[in-house]
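Accompanying notes for the structure given below.
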Amino acid sequence: GDWAGYGARITELAELLAAEGLRLCYHHHMGTIVETEADIDAFMAHTRAPAQLLLDTGHATWGGADPAALAARYRDRIGHVHVKDVRRAVMERARREDWSFLDAVLGPGDEIGIYTVPGDGMVDYGAVFRALPGYSGWVVIEAEQDPEKANPLRYATMGVEHLRRVLAEAGLR
């Protein structure tokens, strides 16, 4: 309930870091105080530049937000992007059965987890990057998968190929 105070402190920290030549990119994340779309909106409303947002497509999607809409709404303050995709069926089951964060990420038993690489889930990466014209910051592929269930090289290759294609289609490189 103290968004104003929290936002003021984050903005002050961002200003101190900027004076030292560093940039603060706040990473919203499942299981934290900035998790849902409403939380992200409140955070952004109560902070100001130079505080920036690290847009995490997987956490945004699981938190109930459309990452492309967030990208469009906050494009001027997005300084870093994490791209991980979300398996819709796993997300729905995790919600329905109230799985812990760790169980959802790793997948219970022999089942695969909620996250995967771009192009293997429900996130529309073309829409995300079309909403960020001129973006030139970092784009980091994440999968957060159990390597025993999802071969890291196979998935990384799949994610990079998909991301290269959608970045080029969006006019980014």
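By convention in this document, the chains of the structure tokens carry letters A, B, ... by their order, each chain's residues are numbered from 1, and ligands are numbered from 1 in the order they are shown.
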Quiz item: Which residues come within 10 Å of A:Gly121, counting only C-alpha atoms, excluding same-chain residues fewer than 2 positions away, as a PyMOL selection string?
Solution: chain A and resi 58+84-89+114-119+123-124
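Omitting A:Ala69 and its sequence neighbours fewer than 5 positions away, and counting only C-alpha atoms, the residues within 10 Å are Glu37, Tyr74, Arg75, Ala127, Val128 and Ala131 of chain A.
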Contact table stretch 46-80 of chain A vs stretch 98-106 of chain A, cut-off 12 Å, shortest pair per residue, only C-alpha atoms, as a Markdown table:
```
| residue | atom | partner | partner_atom | distance |
| --- | --- | --- | --- | --- |
| A:Gly58 | CA | A:Val105 | CA | 10.9 |
| A:His59 | CA | A:Phe101 | CA | 11.0 |
| A:Trp62 | CA | A:Ala104 | CA | 10.5 |
| A:Gly63 | CA | A:Phe101 | CA | 11.7 |
```
Please produce a file of those selected residues containing N, CA, C and O atoms, as a short mmCIF file (atom, residue, chain, number, x, y, z; two decimals), in the first residue's frame.
```cif
data_model
loop_
_atom_site.label_atom_id
_atom_site.label_comp_id
_atom_site.auth_asym_id
_atom_site.auth_seq_id
_atom_site.Cartn_x
_atom_site.Cartn_y
_atom_site.Cartn_z
N GLY A 58 8.09 -13.45 -19.63
CA GLY A 58 7.56 -14.63 -18.95
C GLY A 58 6.88 -14.29 -17.64
O GLY A 58 5.76 -14.75 -17.36
N HIS A 59 7.53 -13.48 -16.82
CA HIS A 59 6.93 -13.09 -15.55
C HIS A 59 5.70 -12.23 -15.78
O HIS A 59 4.71 -12.34 -15.05
N TRP A 62 2.81 -14.68 -16.90
CA TRP A 62 2.35 -15.48 -15.77
C TRP A 62 1.63 -14.60 -14.75
O TRP A 62 0.67 -15.00 -14.11
N GLY A 63 2.05 -13.34 -14.63
CA GLY A 63 1.42 -12.40 -13.72
C GLY A 63 0.11 -11.83 -14.24
O GLY A 63 -0.52 -11.00 -13.58
#
```
Practice problem: Within stretch 6-133 of chain A, find each residue whose DSSP state, derived from the backbone, is strand (DSSP E or B), and express the selection as an NGL selection string. | Solution: :A and (25-27 or 52-56 or 78-83 or 85-86 or 115-116)
Produce a file of the selected residues containing N, CA, C and O atoms, as a PDB file, in the first residue's frame.
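The file below, part.pdb, is the result:
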```pdb
ATOM      1  N   CYS A  25      17.464  -0.747 -13.714  1.00  0.00           N
ATOM      2  CA  CYS A  25      16.363  -1.359 -14.463  1.00  0.00           C
ATOM      3  C   CYS A  25      15.674  -2.321 -13.507  1.00  0.00           C
ATOM      4  O   CYS A  25      16.222  -3.382 -13.201  1.00  0.00           O
ATOM      5  N   TYR A  26      14.496  -1.973 -13.056  1.00  0.00           N
ATOM      6  CA  TYR A  26      13.770  -2.750 -12.052  1.00  0.00           C
ATOM      7  C   TYR A  26      13.134  -3.981 -12.694  1.00  0.00           C
ATOM      8  O   TYR A  26      12.389  -3.868 -13.663  1.00  0.00           O
ATOM      9  N   HIS A  27      13.405  -5.141 -12.104  1.00  0.00           N
ATOM     10  CA  HIS A  27      12.908  -6.411 -12.633  1.00  0.00           C
ATOM     11  C   HIS A  27      11.678  -6.869 -11.860  1.00  0.00           C
ATOM     12  O   HIS A  27      11.787  -7.345 -10.743  1.00  0.00           O
ATOM     13  N   GLN A  52      14.206   2.763 -14.599  1.00  0.00           N
ATOM     14  CA  GLN A  52      13.701   2.084 -15.783  1.00  0.00           C
ATOM     15  C   GLN A  52      13.109   0.735 -15.404  1.00  0.00           C
ATOM     16  O   GLN A  52      13.329   0.234 -14.297  1.00  0.00           O
ATOM     17  N   LEU A  53      12.411   0.146 -16.348  1.00  0.00           N
ATOM     18  CA  LEU A  53      11.795  -1.152 -16.161  1.00  0.00           C
ATOM     19  C   LEU A  53      12.552  -2.198 -16.961  1.00  0.00           C
ATOM     20  O   LEU A  53      12.887  -1.974 -18.125  1.00  0.00           O
ATOM     21  N   LEU A  54      12.818  -3.316 -16.317  1.00  0.00           N
ATOM     22  CA  LEU A  54      13.277  -4.498 -17.027  1.00  0.00           C
ATOM     23  C   LEU A  54      12.005  -5.272 -17.361  1.00  0.00           C
ATOM     24  O   LEU A  54      11.326  -5.757 -16.464  1.00  0.00           O
ATOM     25  N   LEU A  55      11.660  -5.333 -18.628  1.00  0.00           N
ATOM     26  CA  LEU A  55      10.464  -6.054 -19.054  1.00  0.00           C
ATOM     27  C   LEU A  55      10.807  -7.527 -19.165  1.00  0.00           C
ATOM     28  O   LEU A  55      11.665  -7.915 -19.958  1.00  0.00           O
ATOM     29  N   ASP A  56      10.151  -8.344 -18.368  1.00  0.00           N
ATOM     30  CA  ASP A  56      10.334  -9.794 -18.413  1.00  0.00           C
ATOM     31  C   ASP A  56       9.044 -10.400 -18.970  1.00  0.00           C
ATOM     32  O   ASP A  56       8.013 -10.406 -18.297  1.00  0.00           O
ATOM     33  N   ILE A  78      11.752   1.405 -20.771  1.00  0.00           N
ATOM     34  CA  ILE A  78      12.243   0.031 -20.753  1.00  0.00           C
ATOM     35  C   ILE A  78      13.712   0.052 -21.138  1.00  0.00           C
ATOM     36  O   ILE A  78      14.079   0.485 -22.223  1.00  0.00           O
ATOM     37  N   GLY A  79      14.541  -0.436 -20.219  1.00  0.00           N
ATOM     38  CA  GLY A  79      15.980  -0.399 -20.443  1.00  0.00           C
ATOM     39  C   GLY A  79      16.605  -1.770 -20.628  1.00  0.00           C
ATOM     40  O   GLY A  79      17.803  -1.868 -20.900  1.00  0.00           O
ATOM     41  N   HIS A  80      15.821  -2.820 -20.492  1.00  0.00           N
ATOM     42  CA  HIS A  80      16.366  -4.178 -20.564  1.00  0.00           C
ATOM     43  C   HIS A  80      15.172  -5.110 -20.772  1.00  0.00           C
ATOM     44  O   HIS A  80      14.094  -4.851 -20.243  1.00  0.00           O
ATOM     45  N   VAL A  81      15.363  -6.176 -21.547  1.00  0.00           N
ATOM     46  CA  VAL A  81      14.269  -7.113 -21.810  1.00  0.00           C
ATOM     47  C   VAL A  81      14.753  -8.539 -21.575  1.00  0.00           C
ATOM     48  O   VAL A  81      15.795  -8.938 -22.109  1.00  0.00           O
ATOM     49  N   HIS A  82      14.007  -9.287 -20.769  1.00  0.00           N
ATOM     50  CA  HIS A  82      14.222 -10.728 -20.619  1.00  0.00           C
ATOM     51  C   HIS A  82      13.125 -11.427 -21.398  1.00  0.00           C
ATOM     52  O   HIS A  82      11.953 -11.118 -21.214  1.00  0.00           O
ATOM     53  N   VAL A  83      13.515 -12.348 -22.264  1.00  0.00           N
ATOM     54  CA  VAL A  83      12.535 -13.077 -23.054  1.00  0.00           C
ATOM     55  C   VAL A  83      12.550 -14.546 -22.652  1.00  0.00           C
ATOM     56  O   VAL A  83      13.533 -15.241 -22.806  1.00  0.00           O
ATOM     57  N   ASP A  85       9.412 -17.670 -22.676  1.00  0.00           N
ATOM     58  CA  ASP A  85       8.041 -17.941 -23.080  1.00  0.00           C
ATOM     59  C   ASP A  85       7.337 -18.726 -21.979  1.00  0.00           C
ATOM     60  O   ASP A  85       7.970 -19.207 -21.036  1.00  0.00           O
ATOM     61  N   VAL A  86       6.029 -18.844 -22.107  1.00  0.00           N
ATOM     62  CA  VAL A  86       5.201 -19.498 -21.097  1.00  0.00           C
ATOM     63  C   VAL A  86       4.372 -20.586 -21.754  1.00  0.00           C
ATOM     64  O   VAL A  86       3.707 -20.337 -22.772  1.00  0.00           O
ATOM     65  N   TYR A 115       8.081 -22.345 -17.901  1.00  0.00           N
ATOM     66  CA  TYR A 115       8.847 -21.486 -18.804  1.00  0.00           C
ATOM     67  C   TYR A 115       9.543 -22.276 -19.897  1.00  0.00           C
ATOM     68  O   TYR A 115       9.936 -23.423 -19.715  1.00  0.00           O
ATOM     69  N   THR A 116       9.732 -21.603 -21.022  1.00  0.00           N
ATOM     70  CA  THR A 116      10.464 -22.152 -22.148  1.00  0.00           C
ATOM     71  C   THR A 116      11.089 -20.990 -22.915  1.00  0.00           C
ATOM     72  O   THR A 116      11.014 -19.840 -22.479  1.00  0.00           O
TER      73      THR A 116
END
```
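The smallest atom-to-atom distance between A:Arg77 and any of A:Gly7, A:Gly21, A:Gly137, A:Gly107, using only C-alpha atoms, is found for A:Gly137.
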Self-check item: Residue nearest A:Arg48 among A:Ala19, A:Asp110, A:Met122, A:Arg9 (counting only C-alpha atoms)
Solution: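 Of A:Ala19, A:Asp110, A:Met122, A:Arg9, the one nearest A:Arg48, counting only C-alpha atoms, is A:Arg9.
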Quiz item: Could you pull the residues within 8 Å of stretch 157-169 of chain A, counting only C-alpha atoms, minus those fewer than 3 positions along the same chain, as a PyMOL selection string?
Solution: chain A and resi 117-120+125-126+129+141+153-154+172-173
Residues just named, written with all heavy atoms as a CSV table (one decimal), in the first residue's frame:
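This is the output file result-v2.csv:
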```csv
chain,number,residue,atom,x,y,z
A,117,VAL,N,11.7,-21.3,-24.0
A,117,VAL,CA,12.4,-20.2,-24.8
A,117,VAL,C,11.4,-19.6,-25.8
A,117,VAL,O,10.3,-20.1,-26.1
A,117,VAL,CB,13.5,-20.8,-25.6
A,117,VAL,CG1,14.6,-21.3,-24.7
A,117,VAL,CG2,13.1,-21.9,-26.6
A,118,PRO,N,11.7,-18.4,-26.3
A,118,PRO,CA,10.8,-17.7,-27.2
A,118,PRO,C,10.5,-18.6,-28.4
A,118,PRO,O,11.3,-19.3,-29.0
A,118,PRO,CB,11.6,-16.5,-27.7
A,118,PRO,CG,12.5,-16.2,-26.5
A,118,PRO,CD,12.9,-17.6,-26.0
A,119,GLY,N,9.2,-18.6,-28.7
A,119,GLY,CA,8.7,-19.4,-29.9
A,119,GLY,C,8.1,-20.7,-29.5
A,119,GLY,O,7.6,-21.4,-30.3
A,120,ASP,N,8.3,-21.1,-28.2
A,120,ASP,CA,7.8,-22.4,-27.8
A,120,ASP,C,6.6,-22.3,-26.8
A,120,ASP,O,6.3,-23.3,-26.2
A,120,ASP,CB,9.0,-23.2,-27.1
A,120,ASP,CG,8.6,-24.7,-26.9
A,120,ASP,OD1,8.0,-25.3,-27.7
A,120,ASP,OD2,8.9,-25.1,-25.8
A,125,TYR,N,6.1,-12.6,-29.6
A,125,TYR,CA,7.3,-11.8,-29.6
A,125,TYR,C,7.3,-10.8,-30.7
A,125,TYR,O,7.9,-9.7,-30.5
A,125,TYR,CB,8.5,-12.7,-29.6
A,125,TYR,CG,8.7,-13.2,-28.2
A,125,TYR,CD1,8.3,-14.5,-27.9
A,125,TYR,CD2,9.3,-12.5,-27.2
A,125,TYR,CE1,8.4,-15.0,-26.6
A,125,TYR,CE2,9.4,-12.9,-25.9
A,125,TYR,CZ,9.0,-14.2,-25.6
A,125,TYR,OH,9.1,-14.7,-24.3
A,126,GLY,N,6.6,-11.0,-31.8
A,126,GLY,CA,6.5,-10.0,-32.8
A,126,GLY,C,5.8,-8.8,-32.3
A,126,GLY,O,6.3,-7.7,-32.5
A,129,PHE,N,8.1,-6.8,-29.8
A,129,PHE,CA,9.2,-6.0,-30.3
A,129,PHE,C,8.7,-4.9,-31.3
A,129,PHE,O,9.3,-3.9,-31.5
A,129,PHE,CB,10.3,-6.8,-30.9
A,129,PHE,CG,11.1,-7.5,-29.8
A,129,PHE,CD1,10.9,-8.8,-29.5
A,129,PHE,CD2,11.9,-6.7,-29.0
A,129,PHE,CE1,11.6,-9.4,-28.5
A,129,PHE,CE2,12.6,-7.3,-28.0
A,129,PHE,CZ,12.5,-8.6,-27.7
A,141,ILE,N,17.8,-14.0,-23.5
A,141,ILE,CA,16.9,-15.2,-23.6
A,141,ILE,C,17.1,-16.0,-22.3
A,141,ILE,O,18.2,-16.3,-21.9
A,141,ILE,CB,17.3,-16.1,-24.8
A,141,ILE,CG1,17.0,-15.4,-26.1
A,141,ILE,CG2,16.5,-17.4,-24.7
A,141,ILE,CD1,17.4,-16.2,-27.3
A,153,LEU,N,20.9,-27.0,-25.1
A,153,LEU,CA,21.4,-26.6,-26.5
A,153,LEU,C,20.2,-26.6,-27.5
A,153,LEU,O,20.1,-25.6,-28.2
A,153,LEU,CB,22.5,-27.5,-27.0
A,153,LEU,CG,23.0,-27.2,-28.4
A,153,LEU,CD1,23.5,-25.8,-28.4
A,153,LEU,CD2,24.1,-28.2,-28.8
A,154,ARG,N,19.4,-27.6,-27.4
A,154,ARG,CA,18.2,-27.6,-28.4
A,154,ARG,C,17.3,-26.5,-28.2
A,154,ARG,O,16.9,-25.8,-29.1
A,154,ARG,CB,17.5,-29.0,-28.2
A,154,ARG,CG,16.3,-29.1,-29.1
A,154,ARG,CD,15.6,-30.5,-29.0
A,154,ARG,NE,14.2,-30.3,-29.4
A,154,ARG,CZ,13.2,-30.4,-28.5
A,154,ARG,NH1,13.5,-30.6,-27.2
A,154,ARG,NH2,12.0,-30.2,-28.9
A,172,LEU,N,14.5,-4.5,-35.8
A,172,LEU,CA,15.5,-4.4,-34.8
A,172,LEU,C,16.6,-5.4,-35.1
A,172,LEU,O,16.4,-6.4,-35.8
A,172,LEU,CB,15.0,-4.7,-33.4
A,172,LEU,CG,13.8,-3.7,-33.0
A,172,LEU,CD1,13.2,-4.2,-31.7
A,172,LEU,CD2,14.3,-2.3,-32.8
A,173,ARG,N,17.8,-5.2,-34.6
A,173,ARG,CA,18.9,-6.2,-34.8
A,173,ARG,C,19.6,-6.5,-33.5
A,173,ARG,O,19.5,-5.8,-32.6
A,173,ARG,CB,19.9,-5.8,-35.8
A,173,ARG,CG,20.0,-4.4,-36.2
A,173,ARG,CD,21.1,-4.0,-37.2
A,173,ARG,NE,21.7,-2.9,-36.6
A,173,ARG,CZ,23.0,-2.8,-36.3
A,173,ARG,NH1,23.8,-3.7,-36.5
A,173,ARG,NH2,23.4,-1.7,-35.7
```
Exercise. Work out how far apart atom CA of A:Arg130 and atom CA of A:Gly31 are and give it in Å to one decimal.
Key: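 Rounded to one decimal, the two atoms are 28.5 Å apart.
Remark: for A:Gly171, the closest of the candidate residues A:Leu22, A:Leu132, A:Ala71, A:Ala8 is A:Leu132 (distances computed over only C-alpha atoms).
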Quiz prompt | Residues of stretch 104-167 of chain A in helix (DSSP H, G or I), written as a ChimeraX atom specification | solution = /A:104-106,125-130,152-167
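Here atom CA of A:Pro108 and atom CA of A:Arg96 stand 14.1 Å from one another.
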